[in-house]
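Visitor: The structure file structure.tsv (TSV, C-alpha atoms (C1' of nucleotides) and all ligand atoms) is provided below.
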chain	number	residue	atom	x	y	z
A	215	MET	CA	114.84	82.48	70.92
A	216	GLU	CA	117.91	80.44	70.01
A	217	ASN	CA	120.23	83.24	71.00
A	218	LEU	CA	118.77	82.97	74.49
A	219	THR	CA	120.88	79.85	74.99
A	220	LEU	CA	124.00	81.77	74.07
A	221	LEU	CA	123.04	84.74	76.18
A	222	PHE	CA	122.59	82.54	79.23
A	223	LYS	CA	125.83	80.73	78.60
A	224	GLU	CA	127.74	84.00	78.33
A	225	LYS	CA	126.58	85.05	81.78
A	226	ASN	CA	127.03	81.62	83.34
A	227	LEU	CA	123.31	81.35	83.89
A	228	LYS	CA	121.39	78.13	83.58
A	229	LEU	CA	118.59	77.97	81.08
A	230	THR	CA	116.19	75.91	83.16
A	231	PRO	CA	112.78	74.70	81.97
A	232	GLN	CA	111.09	77.23	84.24
A	233	ARG	CA	113.07	80.15	82.86
A	234	TYR	CA	112.53	79.04	79.34
A	235	ALA	CA	108.80	78.64	79.91
A	236	ILE	CA	108.47	82.11	81.38
A	237	TYR	CA	110.32	83.70	78.52
A	238	LYS	CA	108.45	81.68	75.92
A	239	TYR	CA	105.14	82.66	77.42
A	240	LEU	CA	106.09	86.33	77.42
A	241	LYS	CA	107.18	86.05	73.79
A	242	SER	CA	103.92	84.40	72.83
A	243	THR	CA	101.51	86.89	74.35
A	244	LYS	CA	100.57	90.49	73.72
A	245	SER	CA	98.74	90.78	77.03
A	246	HIS	CA	101.59	92.34	79.03
A	247	PRO	CA	100.96	90.08	82.00
A	248	SER	CA	101.84	90.69	85.63
A	249	ALA	CA	103.91	88.20	87.61
A	250	GLU	CA	100.73	86.71	89.00
A	251	MET	CA	99.20	86.33	85.54
A	252	ILE	CA	102.31	84.56	84.31
A	253	TYR	CA	102.14	82.30	87.32
A	254	ASP	CA	98.50	81.44	86.67
A	255	ASN	CA	99.21	80.65	83.05
A	256	LEU	CA	102.14	78.37	83.72
A	257	LYS	CA	101.02	76.45	86.75
A	258	ALA	CA	98.96	73.97	84.69
A	259	ASN	CA	102.11	72.80	82.93
A	260	TYR	CA	104.48	73.50	85.82
A	261	PRO	CA	102.55	72.59	88.95
A	262	THR	CA	105.51	73.08	91.26
A	263	MET	CA	106.40	76.51	89.89
A	264	SER	CA	106.73	79.09	92.63
A	265	LEU	CA	105.87	82.78	92.40
A	266	ALA	CA	109.32	83.49	93.78
A	267	THR	CA	110.79	81.77	90.75
A	268	ILE	CA	108.70	83.95	88.48
A	269	TYR	CA	109.94	87.10	90.14
A	270	LYS	CA	113.55	85.98	90.19
A	271	THR	CA	113.41	84.92	86.57
A	272	LEU	CA	111.83	88.18	85.50
A	273	LYS	CA	114.60	90.07	87.24
A	274	THR	CA	117.16	87.96	85.43
A	275	LEU	CA	115.51	88.46	82.06
A	276	ILE	CA	115.35	92.19	82.64
A	277	GLU	CA	119.04	92.33	83.51
A	278	LEU	CA	119.77	90.44	80.33
A	279	GLY	CA	117.79	93.03	78.44
A	280	VAL	CA	115.32	90.63	76.88
A	281	VAL	CA	112.31	91.72	78.94
A	282	ILE	CA	111.10	95.12	80.07
A	283	GLU	CA	109.03	96.13	83.06
A	284	LEU	CA	105.97	98.32	82.59
A	285	ASN	CA	104.52	100.71	85.11
A	286	VAL	CA	101.03	101.34	84.01
A	287	GLY	CA	99.84	102.78	87.30
A	288	GLU	CA	98.37	99.65	88.81
A	289	ASP	CA	99.50	98.16	92.07
A	290	ASN	CA	101.82	95.78	90.26
A	291	PHE	CA	104.21	95.66	87.34
A	292	ARG	CA	103.57	94.26	83.91
A	293	TYR	CA	106.15	92.51	81.74
A	294	ASP	CA	106.89	92.59	78.03
A	295	ALA	CA	109.28	90.53	75.91
A	296	ASN	CA	109.02	93.07	73.13
A	297	THR	CA	112.02	95.20	74.02
A	298	SER	CA	111.78	97.56	71.10
A	299	GLN	CA	110.89	101.10	72.08
A	300	HIS	CA	107.10	101.25	71.71
A	301	PRO	CA	104.26	103.04	73.48
A	302	HIS	CA	101.48	101.36	75.41
A	303	ILE	CA	97.86	102.15	75.90
A	304	ILE	CA	95.90	101.21	79.00
A	305	CYS	CA	92.14	100.90	79.21
A	306	LEU	CA	90.85	102.91	82.14
A	307	SER	CA	87.79	100.71	82.29
A	308	CYS	CA	89.04	97.11	82.09
A	309	GLY	CA	92.76	97.54	82.66
A	310	ARG	CA	93.99	95.82	79.53
A	311	VAL	CA	97.34	96.94	78.19
A	312	ASP	CA	97.99	97.06	74.45
A	313	ASP	CA	100.84	98.04	72.23
A	314	ILE	CA	100.57	100.97	69.90
A	315	GLU	CA	101.92	99.40	66.78
A	316	ASN	CA	103.44	100.83	63.63
A	317	ALA	CA	103.90	104.22	65.21
A	318	ASP	CA	107.36	105.66	65.47
A	319	PHE	CA	107.97	107.76	68.56
A	320	ASN	CA	111.72	107.41	68.57
A	321	PHE	CA	112.15	111.09	67.84
A	322	LEU	CA	110.93	111.89	71.36
A	323	ASP	CA	114.33	111.47	72.99
A	324	ASP	CA	115.90	113.97	70.62
A	325	GLU	CA	112.99	116.35	71.00
A	326	ALA	CA	113.29	116.25	74.79
A	327	LYS	CA	117.02	116.93	74.62
A	328	LYS	CA	116.22	120.44	73.44
A	329	TYR	CA	114.54	121.23	76.74
A	330	THR	CA	116.73	119.63	79.39
A	331	ASP	CA	120.34	119.26	80.47
A	332	TYR	CA	119.86	115.64	81.35
A	333	LYS	CA	121.67	113.07	79.28
A	334	ILE	CA	118.71	111.11	77.97
A	335	ASP	CA	118.79	107.35	77.74
A	336	THR	CA	115.28	106.24	76.99
A	337	HIS	CA	111.63	106.94	77.64
A	338	GLN	CA	108.34	105.31	78.49
A	339	LEU	CA	105.14	106.53	76.93
A	340	TYR	CA	101.77	105.45	78.26
A	341	PHE	CA	98.43	106.47	76.82
A	342	TYR	CA	95.23	106.09	78.79
A	343	GLY	CA	91.77	105.70	77.35
A	344	ILE	CA	88.92	103.31	76.66
A	345	CYS	CA	89.44	100.19	74.59
A	346	PRO	CA	87.09	99.31	71.71
A	347	GLU	CA	85.40	96.51	73.71
A	348	CYS	CA	84.64	98.78	76.64
A	349	GLN	CA	83.38	101.48	74.27
A	350	LYS	CA	80.79	99.03	72.93
A	351	LYS	CA	79.71	97.96	76.39
A	352	SER	CA	78.96	101.49	77.48
A	353	GLU	CA	76.69	102.24	74.55
B	286	MET	CA	94.62	128.28	95.86
B	287	GLU	CA	91.51	130.24	96.83
B	288	ASN	CA	89.36	128.13	94.55
B	289	LEU	CA	90.38	125.15	96.66
B	290	THR	CA	87.96	126.40	99.32
B	291	LEU	CA	85.14	126.43	96.80
B	292	LEU	CA	86.10	123.08	95.39
B	293	PHE	CA	85.99	121.50	98.81
B	294	LYS	CA	82.71	123.13	99.65
B	295	GLU	CA	81.12	121.83	96.47
B	296	LYS	CA	81.97	118.27	97.40
B	297	ASN	CA	81.09	118.65	101.09
B	298	LEU	CA	84.67	118.07	102.03
B	299	LYS	CA	86.34	119.78	104.95
B	300	LEU	CA	89.37	121.89	104.25
B	301	THR	CA	91.37	120.92	107.31
B	302	PRO	CA	94.77	122.37	108.20
B	303	GLN	CA	96.36	119.05	107.32
B	304	ARG	CA	94.82	118.94	103.88
B	305	TYR	CA	95.68	122.52	103.21
B	306	ALA	CA	99.27	122.00	104.31
B	307	ILE	CA	99.72	119.00	102.07
B	308	TYR	CA	98.35	120.81	99.07
B	309	LYS	CA	100.34	123.94	99.79
B	310	TYR	CA	103.53	121.96	100.10
B	311	LEU	CA	102.90	120.20	96.81
B	312	LYS	CA	102.23	123.55	95.15
B	313	SER	CA	105.45	124.99	96.54
B	314	THR	CA	107.86	122.30	95.45
B	315	LYS	CA	109.17	120.98	92.16
B	316	SER	CA	110.61	117.87	93.75
B	317	HIS	CA	107.70	115.54	93.00
B	318	PRO	CA	107.77	114.05	96.48
B	319	SER	CA	106.52	110.65	97.58
B	320	ALA	CA	104.02	110.29	100.43
B	321	GLU	CA	106.89	109.64	102.80
B	322	MET	CA	108.77	112.74	101.65
B	323	ILE	CA	105.68	114.88	102.18
B	324	TYR	CA	105.30	113.38	105.62
B	325	ASP	CA	108.91	114.14	106.54
B	326	ASN	CA	108.55	117.71	105.35
B	327	LEU	CA	105.39	118.44	107.28
B	328	LYS	CA	105.97	116.71	110.55
B	329	ALA	CA	108.02	119.57	111.97
B	330	ASN	CA	104.99	121.87	111.71
B	331	TYR	CA	102.38	119.16	112.18
B	332	PRO	CA	103.84	116.78	114.73
B	333	THR	CA	100.68	114.73	115.02
B	334	MET	CA	100.27	114.27	111.30
B	335	SER	CA	99.86	110.64	110.34
B	336	LEU	CA	101.05	108.96	107.18
B	337	ALA	CA	97.54	107.60	106.75
B	338	THR	CA	96.28	111.16	106.59
B	339	ILE	CA	98.81	111.92	103.88
B	340	TYR	CA	97.66	108.99	101.80
B	341	LYS	CA	93.99	109.72	102.32
B	342	THR	CA	94.44	113.38	101.50
B	343	LEU	CA	96.42	112.62	98.36
B	344	LYS	CA	93.65	110.35	97.18
B	345	THR	CA	91.14	113.11	97.81
B	346	LEU	CA	93.21	115.69	95.97
B	347	ILE	CA	93.63	113.34	93.02
B	348	GLU	CA	89.88	112.75	92.85
B	349	LEU	CA	89.38	116.49	92.87
B	350	GLY	CA	91.78	116.72	89.97
B	351	VAL	CA	94.20	119.11	91.62
B	352	VAL	CA	97.03	116.61	92.06
B	353	ILE	CA	98.38	113.87	89.84
B	354	GLU	CA	100.15	110.64	90.68
B	355	LEU	CA	103.41	109.78	88.96
B	356	ASN	CA	104.69	106.32	88.29
B	357	VAL	CA	108.35	106.69	87.71
B	358	GLY	CA	109.22	103.04	88.24
B	359	GLU	CA	110.26	103.22	91.85
B	360	ASP	CA	108.66	101.22	94.62
B	361	ASN	CA	106.39	104.12	95.48
B	362	PHE	CA	104.38	106.86	93.82
B	363	ARG	CA	105.30	110.51	93.43
B	364	TYR	CA	102.87	113.39	93.55
B	365	ASP	CA	102.59	116.62	91.59
B	366	ALA	CA	100.29	119.62	92.03
B	367	ASN	CA	101.09	120.76	88.53
B	368	THR	CA	98.21	119.15	86.72
B	369	SER	CA	98.99	120.48	83.30
B	370	GLN	CA	100.05	117.81	80.85
B	371	HIS	CA	103.84	117.79	81.01
B	372	PRO	CA	106.58	115.19	80.70
B	373	HIS	CA	108.97	114.17	83.45
B	374	ILE	CA	112.55	113.09	83.46
B	375	ILE	CA	114.03	110.76	86.05
B	376	CYS	CA	117.71	110.48	86.92
B	377	LEU	CA	118.78	106.86	86.77
B	378	SER	CA	121.62	107.64	89.14
B	379	CYS	CA	120.13	109.70	91.99
B	380	GLY	CA	116.41	109.23	91.42
B	381	ARG	CA	115.45	112.88	91.20
B	382	VAL	CA	112.38	113.69	89.15
B	383	ASP	CA	112.22	116.91	87.15
B	384	ASP	CA	109.74	118.52	84.85
B	385	ILE	CA	110.53	119.05	81.23
B	386	GLU	CA	109.46	122.63	80.87
B	387	ASN	CA	108.45	124.75	77.92
B	388	ALA	CA	108.08	121.71	75.71
B	389	ASP	CA	104.72	121.03	74.14
B	390	PHE	CA	103.92	117.36	73.79
B	391	ASN	CA	100.18	117.78	73.60
B	392	PHE	CA	100.11	116.61	70.00
B	393	LEU	CA	100.92	113.09	71.20
B	394	ASP	CA	97.32	112.15	71.94
B	395	ASP	CA	96.25	113.07	68.43
B	396	GLU	CA	99.24	111.33	66.92
B	397	ALA	CA	98.45	108.14	68.83
B	398	LYS	CA	94.83	108.22	67.70
B	399	LYS	CA	96.02	107.41	64.21
B	400	TYR	CA	97.33	104.06	65.36
B	401	THR	CA	94.70	102.73	67.75
B	402	ASP	CA	90.96	102.26	68.15
B	403	TYR	CA	91.06	103.29	71.78
B	404	LYS	CA	89.35	106.50	72.76
B	405	ILE	CA	92.33	108.37	74.17
B	406	ASP	CA	92.02	110.45	77.31
B	407	THR	CA	95.50	111.40	78.31
B	408	HIS	CA	99.08	110.19	78.45
B	409	GLN	CA	102.10	110.02	80.68
B	410	LEU	CA	105.56	110.52	79.27
B	411	TYR	CA	108.65	109.67	81.29
B	412	PHE	CA	112.19	110.17	80.13
B	413	TYR	CA	115.10	108.44	81.84
B	414	GLY	CA	118.66	109.66	81.92
B	415	ILE	CA	121.39	111.26	83.99
B	416	CYS	CA	120.89	114.63	85.62
B	417	PRO	CA	123.49	117.42	85.29
B	418	GLU	CA	124.70	116.96	88.89
B	419	CYS	CA	125.28	113.26	88.44
B	420	GLN	CA	127.03	113.88	85.12
B	421	LYS	CA	129.53	116.11	86.92
B	422	LYS	CA	130.12	113.57	89.66
B	423	SER	CA	131.00	110.81	87.25
B	424	GLU	CA	133.66	112.80	85.43
C	292	DT	C1'	130.24	59.42	87.35
C	293	DA	C1'	131.68	62.97	90.56
C	294	DT	C1'	131.96	67.72	91.56
C	295	DT	C1'	130.74	72.25	91.45
C	296	DT	C1'	127.77	75.97	91.30
C	297	DG	C1'	123.56	78.00	90.25
C	298	DT	C1'	118.56	77.53	90.86
C	299	DA	C1'	113.77	75.95	92.39
C	300	DG	C1'	110.58	76.14	95.64
C	301	DA	C1'	108.90	76.76	100.36
C	302	DT	C1'	108.64	80.10	103.68
C	303	DA	C1'	109.48	84.20	106.17
C	304	DA	C1'	110.39	89.07	105.81
C	305	DT	C1'	109.76	93.78	103.97
C	306	DA	C1'	107.56	97.84	102.87
C	307	DA	C1'	104.09	100.76	100.57
C	308	DT	C1'	99.48	101.49	100.90
C	309	DT	C1'	94.76	100.72	102.72
C	310	DT	C1'	91.43	99.71	106.21
C	311	DT	C1'	89.34	99.96	110.64
C	312	DC	C1'	87.95	102.18	114.59
C	313	DT	C1'	87.73	105.75	117.99
C	314	DT	C1'	88.36	110.46	119.09
C	315	DT	C1'	88.49	115.02	117.46
C	316	DT	C1'	87.21	118.89	114.67
C	317	DA	C1'	85.25	121.86	110.89
C	318	DA	C1'	81.07	123.60	109.17
C	319	DT	C1'	76.63	125.32	109.95
C	320	DA	C1'	72.35	126.52	112.02
C	321	DG	C1'	69.97	128.10	115.93
D	124	DC	C1'	78.49	132.02	120.67
D	125	DT	C1'	76.95	127.26	121.61
D	126	DA	C1'	75.08	122.79	120.00
D	127	DT	C1'	74.77	119.48	116.44
D	128	DT	C1'	76.39	116.61	112.98
D	129	DA	C1'	78.96	114.69	109.42
D	130	DA	C1'	83.57	114.31	108.02
D	131	DA	C1'	88.31	113.70	109.08
D	132	DA	C1'	92.62	112.78	111.97
D	133	DG	C1'	95.40	109.61	113.97
D	134	DA	C1'	96.79	105.16	115.86
D	135	DA	C1'	97.05	100.63	114.87
D	136	DA	C1'	96.18	96.53	112.38
D	137	DA	C1'	95.59	94.49	107.84
D	138	DT	C1'	96.69	93.84	103.08
D	139	DT	C1'	99.44	92.82	99.26
D	140	DA	C1'	103.22	92.97	95.86
D	141	DT	C1'	107.78	91.99	96.01
D	142	DT	C1'	112.22	90.39	98.02
D	143	DA	C1'	115.26	87.65	100.94
D	144	DT	C1'	116.63	83.37	103.06
D	145	DC	C1'	117.56	78.72	103.18
D	146	DT	C1'	117.79	73.90	101.83
D	147	DA	C1'	117.27	70.30	98.45
D	148	DC	C1'	117.96	69.63	93.75
D	149	DA	C1'	119.71	69.67	89.06
D	150	DA	C1'	122.53	71.50	85.03
D	151	DA	C1'	127.02	71.90	83.32
D	152	DT	C1'	131.68	70.22	82.86
D	153	DA	C1'	135.63	67.63	83.83
E	501	MN	MN	104.35	96.07	74.60
E	502	MN	MN	105.79	117.72	87.25
E	503	ZN	ZN	88.61	98.02	78.24
E	504	ZN	ZN	121.10	112.54	89.37
In structure tokens, what does this structure look like?
Guide:
Amino acid sequence: MENLTLLFKEKNLKLTPQRYAIYKYLKSTKSHPSAEMIYDNLKANYPTMSLATIYKTLKTLIELGVVIELNVGEDNFRYDANTSQHPHIICLSCGRVDDIENADFNFLDDEAKKYTDYKIDTHQLYFYGICPECQKKSE
Amino acid sequence: MENLTLLFKEKNLKLTPQRYAIYKYLKSTKSHPSAEMIYDNLKANYPTMSLATIYKTLKTLIELGVVIELNVGEDNFRYDANTSQHPHIICLSCGRVDDIENADFNFLDDEAKKYTDYKIDTHQLYFYGICPECQKKSE
DNA sequence: TATTTGTAGATAATAATTTTCTTTTAATAG
DNA sequence: CTATTAAAAGAAAATTATTATCTACAAATA
């Protein structure tokens, strides 16, 4: 969090209240929100905040490597301030997106290297299923 | 291919030349084309084909379970008539999308079950890297 | 405190996908 | 081989997430 100041300074970027709020919100939540969801959550405290600012800030944070973009198959992107390599699981019923925690899938890149001539950088792993809450509902 | 006729009949769907052409093209290629790419490939033989027809047909084929939609992180979707569970690899330089063949990643669903209370259905695994052609170019 | 340069926010633009509506066509029965 | 009917094609408009543009503002620094 404190190193964010340094990171911004390095790149001659200004750490504005809006940018800080967006990053802080992303750090605080495990909900993997979309741009719109971030907007809805911040507009109480930042009534003049524009969606364009959200999008521009997210792009900046991604370039800085402190936020990643998730493609869960919806019509929009989701964002995550947890930049460690970790898989996600999406509920096919309610759309929530959760982390899969404590699992180590880092070996996947090496495993894949055995079967391709690509130079592999990274991967994204998405599981799809039904979350515990939705399982209860459908009983 | 022949069972497509049956499948359509079962659901009271009409197997039109357009639908057949779209499916056949997807079966014939390993390029994982987008809707637009399919459109460009078919319009020589089907000059009246509309992009809306492509989109509607793709949706139908997905519902039938004979085509899957890929989310590689671009601004559009890609489509694949290979519905077996297999990972993909995307070139960060030229954008091509390839299969990772002969690798068996089916154990992933079971592995993930150990770390979540979701009921897991399926997964999507995307690797990102540099394809052999692009590696040569940058030498 | 003045100057510079990057950014916020409003708005318009873009582009993929979906919807709507009318005409056409595939399937089927007579 | 027609006639009938429900489904689909195609054209066009609508929708929606995201991006670009532009001007007023504010953070950094000298
Ligand atoms: Mn996450
Ligand atoms: Mn494939
Ligand atoms: Zn759920
Ligand atoms: Zn390439």
Visitor: Check which residues fall inside 9 Å of ligand ZN 504 (chain E) when counting only C-alpha atoms (C1' of nucleotides) and all ligand atoms, and print them as a list in words.
Guide: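 The residues within 9 Å of ligand ZN 504 (chain E), counting only C-alpha atoms (C1' of nucleotides) and all ligand atoms, are Tyr332 of chain A; Ile375, Cys376, Leu377, Ser378, Cys379, Gly380, Arg381, Val382, Gly414, Ile415, Cys416, Pro417, Glu418, Cys419 and Gln420 of chain B.
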Visitor: Please produce chain B as a compact mmCIF listing (two decimals) with C-alpha atoms, in the frame of the given file once it has been superposed on chain A, the fit using all Cα atoms paired in sequence order.
Guide:
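That gives us out15.txt:
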# COMPACT_ATOMS: atom_id res chain seq x y z
CA MET B 286 114.94 82.49 70.92
CA GLU B 287 118.02 80.43 70.07
CA ASN B 288 120.31 83.27 71.05
CA LEU B 289 118.83 83.00 74.53
CA THR B 290 120.96 79.89 75.03
CA LEU B 291 124.08 81.82 74.12
CA LEU B 292 123.10 84.78 76.22
CA PHE B 293 122.66 82.59 79.26
CA LYS B 294 125.90 80.79 78.65
CA GLU B 295 127.80 84.06 78.43
CA LYS B 296 126.61 85.09 81.86
CA ASN B 297 127.03 81.64 83.43
CA LEU B 298 123.33 81.40 83.95
CA LYS B 299 121.41 78.16 83.69
CA LEU B 300 118.63 77.97 81.16
CA THR B 301 116.20 75.96 83.24
CA PRO B 302 112.81 74.75 82.00
CA GLN B 303 111.14 77.29 84.26
CA ARG B 304 113.10 80.19 82.88
CA TYR B 305 112.57 79.07 79.35
CA ALA B 306 108.84 78.66 79.90
CA ILE B 307 108.49 82.12 81.36
CA TYR B 308 110.35 83.71 78.50
CA LYS B 309 108.49 81.70 75.90
CA TYR B 310 105.17 82.67 77.38
CA LEU B 311 106.10 86.34 77.39
CA LYS B 312 107.20 86.06 73.76
CA SER B 313 103.92 84.41 72.80
CA THR B 314 101.51 86.88 74.31
CA LYS B 315 100.55 90.48 73.70
CA SER B 316 98.72 90.76 77.00
CA HIS B 317 101.55 92.33 79.00
CA PRO B 318 100.93 90.06 81.97
CA SER B 319 101.80 90.69 85.60
CA ALA B 320 103.88 88.20 87.59
CA GLU B 321 100.70 86.71 88.96
CA MET B 322 99.18 86.32 85.49
CA ILE B 323 102.31 84.55 84.27
CA TYR B 324 102.14 82.29 87.28
CA ASP B 325 98.50 81.41 86.63
CA ASN B 326 99.24 80.64 83.00
CA LEU B 327 102.17 78.35 83.69
CA LYS B 328 101.06 76.43 86.70
CA ALA B 329 99.03 73.95 84.67
CA ASN B 330 102.21 72.79 82.91
CA TYR B 331 104.56 73.51 85.80
CA PRO B 332 102.63 72.61 88.92
CA THR B 333 105.58 73.11 91.22
CA MET B 334 106.44 76.53 89.86
CA SER B 335 106.74 79.12 92.59
CA LEU B 336 105.86 82.78 92.37
CA ALA B 337 109.30 83.54 93.77
CA THR B 338 110.80 81.82 90.76
CA ILE B 339 108.70 83.99 88.48
CA TYR B 340 109.92 87.15 90.15
CA LYS B 341 113.53 86.04 90.21
CA THR B 342 113.42 84.97 86.59
CA LEU B 343 111.82 88.22 85.48
CA LYS B 344 114.57 90.15 87.21
CA THR B 345 117.15 88.03 85.43
CA LEU B 346 115.51 88.51 82.05
CA ILE B 347 115.32 92.26 82.61
CA GLU B 348 119.02 92.40 83.49
CA LEU B 349 119.75 90.49 80.32
CA GLY B 350 117.77 93.08 78.42
CA VAL B 351 115.31 90.66 76.86
CA VAL B 352 112.29 91.75 78.90
CA ILE B 353 111.07 95.13 80.04
CA GLU B 354 109.00 96.15 83.03
CA LEU B 355 105.94 98.33 82.55
CA ASN B 356 104.54 100.72 85.07
CA VAL B 357 101.02 101.34 84.03
CA GLY B 358 99.85 102.76 87.34
CA GLU B 359 98.36 99.63 88.81
CA ASP B 360 99.46 98.10 92.08
CA ASN B 361 101.78 95.73 90.25
CA PHE B 362 104.16 95.65 87.32
CA ARG B 363 103.54 94.25 83.86
CA TYR B 364 106.11 92.53 81.71
CA ASP B 365 106.85 92.60 78.00
CA ALA B 366 109.27 90.55 75.89
CA ASN B 367 109.00 93.08 73.11
CA THR B 368 111.98 95.21 73.97
CA SER B 369 111.74 97.57 71.07
CA GLN B 370 110.84 101.10 72.06
CA HIS B 371 107.07 101.27 71.70
CA PRO B 372 104.23 103.05 73.48
CA HIS B 373 101.44 101.37 75.41
CA ILE B 374 97.83 102.19 75.92
CA ILE B 375 95.87 101.22 79.01
CA CYS B 376 92.10 100.90 79.24
CA LEU B 377 90.83 102.91 82.17
CA SER B 378 87.76 100.71 82.30
CA CYS B 379 89.00 97.10 82.08
CA GLY B 380 92.72 97.53 82.66
CA ARG B 381 93.94 95.83 79.50
CA VAL B 382 97.29 96.95 78.18
CA ASP B 383 97.92 97.08 74.44
CA ASP B 384 100.78 98.07 72.22
CA ILE B 385 100.50 101.00 69.92
CA GLU B 386 101.84 99.45 66.77
CA ASN B 387 103.35 100.87 63.62
CA ALA B 388 103.81 104.26 65.23
CA ASP B 389 107.29 105.68 65.46
CA PHE B 390 107.89 107.74 68.57
CA ASN B 391 111.65 107.39 68.56
CA PHE B 392 112.11 111.08 67.84
CA LEU B 393 110.92 111.85 71.37
CA ASP B 394 114.33 111.38 72.98
CA ASP B 395 115.90 113.88 70.61
CA GLU B 396 113.03 116.29 71.02
CA ALA B 397 113.35 116.15 74.81
CA LYS B 398 117.09 116.80 74.63
CA LYS B 399 116.31 120.31 73.49
CA TYR B 400 114.65 121.08 76.80
CA THR B 401 116.85 119.46 79.42
CA ASP B 402 120.47 119.04 80.47
CA TYR B 403 119.97 115.40 81.33
CA LYS B 404 121.74 112.83 79.23
CA ILE B 405 118.73 110.92 77.93
CA ASP B 406 118.77 107.15 77.69
CA THR B 407 115.25 106.10 76.93
CA HIS B 408 111.62 106.87 77.62
CA GLN B 409 108.33 105.27 78.49
CA LEU B 410 105.12 106.52 76.95
CA TYR B 411 101.74 105.44 78.30
CA PHE B 412 98.42 106.48 76.88
CA TYR B 413 95.21 106.10 78.85
CA GLY B 414 91.76 105.71 77.41
CA ILE B 415 88.89 103.35 76.70
CA CYS B 416 89.39 100.23 74.63
CA PRO B 417 87.04 99.35 71.74
CA GLU B 418 85.35 96.56 73.74
CA CYS B 419 84.60 98.83 76.65
CA GLN B 420 83.33 101.53 74.30
CA LYS B 421 80.77 99.07 72.94
CA LYS B 422 79.67 98.01 76.39
CA SER B 423 78.93 101.53 77.51
CA GLU B 424 76.66 102.34 74.59
Visitor: For atom C1' of DA140 of chain D and atom CA of Asp289 of chain A, quote the distance in Å rounded to one decimal.
Guide: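 Separation of atom C1' of DA140 of chain D and atom CA of Asp289 of chain A: 7.4 Å.
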Visitor: Which residues are close to DG300 of chain C, i.e. within 8 Å by all atoms listed in the file, leaving aside same-chain residues fewer than 2 positions away? Reply as a PyMOL selection string.
Guide: chain A and resi 262-264+266-267
Visitor: At a cut-off of 8 Å and counting all atoms listed in the file, what residues surround ligand MN 501 (chain E)? Please answer as JSON, numbers by chain.
Guide: {"A": [244, 246, 294, 295, 296, 297, 300, 301, 302, 311, 312, 313, 314]}
Visitor: Any chance you could export the current selection's C-alpha atoms as a compact mmCIF listing (two decimals), in the coordinates of the input?
Guide:
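Done, and the output landed in part19.txt:
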# COMPACT_ATOMS: atom_id res chain seq x y z
CA LYS A 244 100.57 90.49 73.72
CA HIS A 246 101.59 92.34 79.03
CA ASP A 294 106.89 92.59 78.03
CA ALA A 295 109.28 90.53 75.91
CA ASN A 296 109.02 93.07 73.13
CA THR A 297 112.02 95.20 74.02
CA HIS A 300 107.10 101.25 71.71
CA PRO A 301 104.26 103.04 73.48
CA HIS A 302 101.48 101.36 75.41
CA VAL A 311 97.34 96.94 78.19
CA ASP A 312 97.99 97.06 74.45
CA ASP A 313 100.84 98.04 72.23
CA ILE A 314 100.57 100.97 69.90
